[in-house]
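Have a look at the structure below, then the notes.
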Amino acid sequence: MREVALKEKITNLRELFKLVFALFFGDLAGTLSILRYDGFNLLSFTGIVSLLWLALALFVVWNKMEYYLNLLEEDKDENHSN
């Protein structure tokens with residue numbers, strides 16, 4: 001039962017990671033295009049700040065997913081040793 005719950009959490013986090021990853025690169029493309037055509041202004045500054053937040057979100061989601069994967073591996077090892 002615990003294994004199923006962990007797999008579901010990992011699947012949800014994987015989908016969240018894909019979404020944040022897509023948002024990150026969309027924001028990156030938008031920010032770079034603003035910087036190229038208008039230079040550094042308030043909108044490009046906002047894009048840079050949001051890029052930093054999205055990068056932080058990617059890092060947090062990745063670490064959480066890794067944590068649940070480690071729990072899943074430990075759970076599988078426990079079940080095989082019994």
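Residue names in the structure tokens use chain letters A, B, ... in the order shown, residue numbers from 1 in each chain, and ligand numbers from 1 in the order shown.
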
Exercise: range 12-27 of chain A partners within 12 Å, only C-alpha atoms, chain neighbours under 6 positions left out, as a ChimeraX atom specification: /A:5-6,33-34,43-69

Nearest candidate to Lys9 in chain A (options A:Asp77, A:Ala29, A:Leu72, A:Asn41; using only C-alpha atoms): A:Leu72

Separation of CA of Ser81 in chain A from CA of Lys7 in chain A, in Å and rounded to one decimal: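 Distance reported for this atom pair: 20.2 Å.
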
Selected residue, from A:Leu35, A:Ile10, A:Leu42, A:Leu28, that lies nearest to Asn70 in chain A when counting only C-alpha atoms: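 The closest residue to Asn70 in chain A is A:Ile10.
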